[in-house]
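One structure below.
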Amino acid sequence: MSEELDKLKHKEKSGLLAAGLNILLPGAGYMYCGRPILGIIVLPFVIGMIFVTPAGALGIWIVLIIDGFLAAGRYNKCLAQKIDAAMKVCPQCAEKIMPEAKVCRYCGHKFGEAASATST
Ligand SMILES: [Zn+2]
């Protein structure tokens, strides 16, 4: 596996951790999910809401917990698209395979020198 793809796969975020962070500190879950500006805006907003309408603040806090979980899902979906874009497509079977692959794991198609050597 290429190092770049390996790094991308290890960047996957946990939805439960994002939700848990938003429980402890509203906005921290967004920071964890790669949205630091949203995370910074959310905390003073929720604290301000406590003084205006505590019930409203509680409602927003619950929404943030759920959205923190969903934010991790959105982040992972975007990450999966990046991983997908880095894969190469087999010309024979059109399956996506690792960029360094010399042989297609689906159909056995050989890339590069091996392919030109076998074709007569
Ligand atoms: Zn193939």
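Residue numbering restarts at 1 for every chain of the structure tokens, chains are lettered A, B, ... in their displayed order, and ligands are numbered from 1 as they appear.
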Notebook entry, point to check: Which chains and residue numbers are within 6 Å of ligand 1, counting only C-alpha atoms and all ligand atoms, if I want them as a list of chain:residue names?
Noted result: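 Answer in the requested format: A:Cys90, A:Gln92, A:Cys93, A:Glu95, A:Cys104, A:Tyr106, A:Cys107, A:Gly108, A:His109.
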Expected file: the selected residues, N, CA and C atoms, as a tab-separated table (two decimals), in the first residue's frame:
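What ended up in again20.tsv:
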chain	number	residue	atom	x	y	z
A	90	CYS	N	-8.08	-0.28	-13.61
A	90	CYS	CA	-7.57	-1.35	-14.48
A	90	CYS	C	-8.20	-1.18	-15.87
A	92	GLN	N	-8.51	-3.32	-18.15
A	92	GLN	CA	-9.16	-4.54	-18.60
A	92	GLN	C	-10.53	-4.74	-17.94
A	93	CYS	N	-10.59	-4.60	-16.61
A	93	CYS	CA	-11.84	-4.90	-15.90
A	93	CYS	C	-12.47	-3.66	-15.25
A	95	GLU	N	-11.83	-2.14	-12.57
A	95	GLU	CA	-11.86	-2.11	-11.10
A	95	GLU	C	-10.78	-1.14	-10.61
A	104	CYS	N	-3.33	-6.63	-11.67
A	104	CYS	CA	-4.69	-6.38	-11.18
A	104	CYS	C	-5.13	-7.56	-10.33
A	106	TYR	N	-8.11	-8.31	-9.52
A	106	TYR	CA	-9.42	-8.82	-9.93
A	106	TYR	C	-9.32	-9.71	-11.17
A	107	CYS	N	-8.56	-9.24	-12.18
A	107	CYS	CA	-8.54	-9.99	-13.44
A	107	CYS	C	-7.15	-10.51	-13.80
A	108	GLY	N	-6.11	-10.08	-13.06
A	108	GLY	CA	-4.76	-10.55	-13.35
A	108	GLY	C	-4.07	-9.78	-14.45
A	109	HIS	N	-4.67	-8.66	-14.90
A	109	HIS	CA	-4.04	-7.84	-15.94
A	109	HIS	C	-2.70	-7.33	-15.44
Margin query: Going by DSSP on the backbone, which residues of stretch 3-118 of chain A come out as helix (DSSP H, G or I)? List them as JSON, numbers by chain.
Written below: {"A": [3, 4, 5, 6, 7, 8, 9, 15, 16, 17, 18, 19, 20, 21, 22, 23, 24, 28, 29, 30, 31, 32, 36, 37, 38, 39, 40, 41, 42, 43, 44, 45, 46, 47, 48, 49, 50, 51, 52, 54, 55, 56, 57, 58, 59, 60, 61, 62, 63, 64, 65, 66, 67, 68, 69, 70, 71, 72, 73, 74, 75, 76, 77, 78, 79, 80, 81, 82, 83, 84, 85, 86, 113, 114, 115, 116, 117, 118]}
Selected residues written out with C-alpha atoms, as a CSV table (one decimal), in the first residue's frame:
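What landed in part-v2.csv:
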chain,number,residue,atom,x,y,z
A,3,GLU,CA,2.3,5.6,2.1
A,4,GLU,CA,0.0,8.4,1.0
A,5,LEU,CA,-3.1,6.2,0.9
A,6,ASP,CA,-2.0,4.6,4.2
A,7,LYS,CA,-1.9,8.0,5.8
A,8,LEU,CA,-5.3,9.0,4.4
A,9,LYS,CA,-6.8,5.8,5.8
A,15,GLY,CA,-18.4,9.5,15.2
A,16,LEU,CA,-18.7,8.6,18.8
A,17,LEU,CA,-15.5,10.4,19.7
A,18,ALA,CA,-16.7,13.5,17.8
A,19,ALA,CA,-20.1,13.4,19.6
A,20,GLY,CA,-18.3,12.8,23.0
A,21,LEU,CA,-16.1,15.8,22.4
A,22,ASN,CA,-19.2,17.9,21.7
A,23,ILE,CA,-20.7,16.7,25.0
A,24,LEU,CA,-17.7,17.7,27.0
A,28,ALA,CA,-14.5,20.4,20.2
A,29,GLY,CA,-16.1,17.6,18.0
A,30,TYR,CA,-16.0,19.9,15.0
A,31,MET,CA,-12.3,20.8,15.7
A,32,TYR,CA,-11.6,17.0,15.8
A,36,PRO,CA,-11.7,24.4,13.6
A,37,ILE,CA,-13.4,27.7,12.7
A,38,LEU,CA,-16.9,26.2,13.2
A,39,GLY,CA,-15.7,24.7,16.5
A,40,ILE,CA,-14.4,28.1,17.7
A,41,ILE,CA,-17.7,29.9,16.7
A,42,VAL,CA,-19.9,27.3,18.4
A,43,LEU,CA,-18.5,27.4,22.0
A,44,PRO,CA,-19.2,31.2,22.7
A,45,PHE,CA,-22.5,30.8,20.9
A,46,VAL,CA,-23.7,28.1,23.2
A,47,ILE,CA,-22.3,29.9,26.3
A,48,GLY,CA,-24.2,33.0,25.2
A,49,MET,CA,-27.4,31.0,24.7
A,50,ILE,CA,-27.2,29.8,28.3
A,51,PHE,CA,-27.7,33.3,29.6
A,52,VAL,CA,-30.5,34.2,27.0
A,54,PRO,CA,-31.1,27.9,29.0
A,55,ALA,CA,-33.6,25.5,27.4
A,56,GLY,CA,-32.6,26.7,24.0
A,57,ALA,CA,-28.9,26.2,24.9
A,58,LEU,CA,-29.7,22.7,26.0
A,59,GLY,CA,-31.6,22.0,22.7
A,60,ILE,CA,-28.7,23.4,20.6
A,61,TRP,CA,-26.2,21.3,22.7
A,62,ILE,CA,-28.2,18.1,21.9
A,63,VAL,CA,-28.3,19.1,18.2
A,64,LEU,CA,-24.5,19.6,18.4
A,65,ILE,CA,-23.9,16.2,19.9
A,66,ILE,CA,-25.9,14.6,17.0
A,67,ASP,CA,-24.2,16.8,14.4
A,68,GLY,CA,-20.8,16.0,15.9
A,69,PHE,CA,-21.5,12.4,15.1
A,70,LEU,CA,-22.7,13.2,11.6
A,71,ALA,CA,-19.7,15.6,11.0
A,72,ALA,CA,-17.4,12.6,11.5
A,73,GLY,CA,-19.4,10.7,8.8
A,74,ARG,CA,-19.2,13.7,6.4
A,75,TYR,CA,-15.4,13.9,7.0
A,76,ASN,CA,-15.0,10.2,6.4
A,77,LYS,CA,-17.0,10.3,3.2
A,78,CYS,CA,-14.8,13.1,1.9
A,79,LEU,CA,-11.7,11.1,2.9
A,80,ALA,CA,-13.1,8.0,1.1
A,81,GLN,CA,-13.5,10.2,-2.1
A,82,LYS,CA,-9.8,11.3,-1.8
A,83,ILE,CA,-8.7,7.7,-1.4
A,84,ASP,CA,-10.9,6.7,-4.4
A,85,ALA,CA,-9.3,9.4,-6.5
A,86,ALA,CA,-5.8,8.2,-5.7
A,113,GLU,CA,6.9,-4.0,-18.7
A,114,ALA,CA,5.2,-7.3,-18.0
A,115,ALA,CA,2.2,-6.4,-20.2
A,116,SER,CA,4.4,-5.4,-23.2
A,117,ALA,CA,6.6,-8.5,-22.8
A,118,THR,CA,3.6,-10.9,-22.9
Checklist line | Interatomic distance (Å, one decimal) between atom CA of A:Ile97 and atom CA of A:Lys11 | finding: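 Interatomic distance here is 20.0 Å.
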Next item on the list: Using backbone DSSP assignments, extract all strand (DSSP E or B) residues from stretch 10-107 of chain A; output them as a PyMOL selection string.
Entry: chain A and resi 88-89+96-97+103
Would you save the residues of that selection, restricted to all heavy atoms, as a short mmCIF file (atom, residue, chain, number, x, y, z; two decimals), in the first residue's frame?
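The resulting file, out_25.cif, is reproduced below:
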data_model
loop_
_atom_site.label_atom_id
_atom_site.label_comp_id
_atom_site.auth_asym_id
_atom_site.auth_seq_id
_atom_site.Cartn_x
_atom_site.Cartn_y
_atom_site.Cartn_z
N LYS A 88 -5.85 3.70 -9.11
CA LYS A 88 -5.85 3.67 -10.57
C LYS A 88 -6.86 2.64 -11.04
O LYS A 88 -7.21 1.70 -10.32
CB LYS A 88 -4.45 3.40 -11.11
CG LYS A 88 -3.91 2.00 -10.97
CD LYS A 88 -2.54 1.93 -11.66
CE LYS A 88 -1.87 0.59 -11.41
NZ LYS A 88 -0.52 0.52 -11.94
N VAL A 89 -7.34 2.85 -12.27
CA VAL A 89 -8.38 1.98 -12.82
C VAL A 89 -7.74 0.98 -13.78
O VAL A 89 -6.94 1.35 -14.64
CB VAL A 89 -9.45 2.83 -13.56
CG1 VAL A 89 -10.50 1.93 -14.19
CG2 VAL A 89 -10.10 3.80 -12.60
N LYS A 96 -11.01 -0.54 -9.43
CA LYS A 96 -10.02 0.37 -8.86
C LYS A 96 -9.02 -0.44 -8.03
O LYS A 96 -9.41 -1.25 -7.20
CB LYS A 96 -10.70 1.41 -7.98
CG LYS A 96 -11.56 2.33 -8.80
CD LYS A 96 -11.80 3.64 -8.16
CE LYS A 96 -12.50 4.54 -9.16
NZ LYS A 96 -12.49 5.93 -8.80
N ILE A 97 -7.74 -0.18 -8.30
CA ILE A 97 -6.68 -0.89 -7.60
C ILE A 97 -5.62 0.09 -7.12
O ILE A 97 -5.63 1.25 -7.51
CB ILE A 97 -6.03 -2.00 -8.48
CG1 ILE A 97 -5.59 -1.40 -9.81
CG2 ILE A 97 -7.01 -3.15 -8.69
CD1 ILE A 97 -4.83 -2.38 -10.66
N VAL A 103 0.03 -5.95 -10.95
CA VAL A 103 -0.93 -6.92 -11.45
C VAL A 103 -2.30 -6.60 -10.86
O VAL A 103 -2.40 -6.31 -9.66
CB VAL A 103 -0.51 -8.37 -11.05
CG1 VAL A 103 -1.54 -9.39 -11.52
CG2 VAL A 103 0.86 -8.71 -11.61
#
Checklist line | Atomic separation - atom CA of A:Gly27 relative to atom CA of A:Glu12, Å | finding: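 Distance between the two atoms: 18.6 Å.
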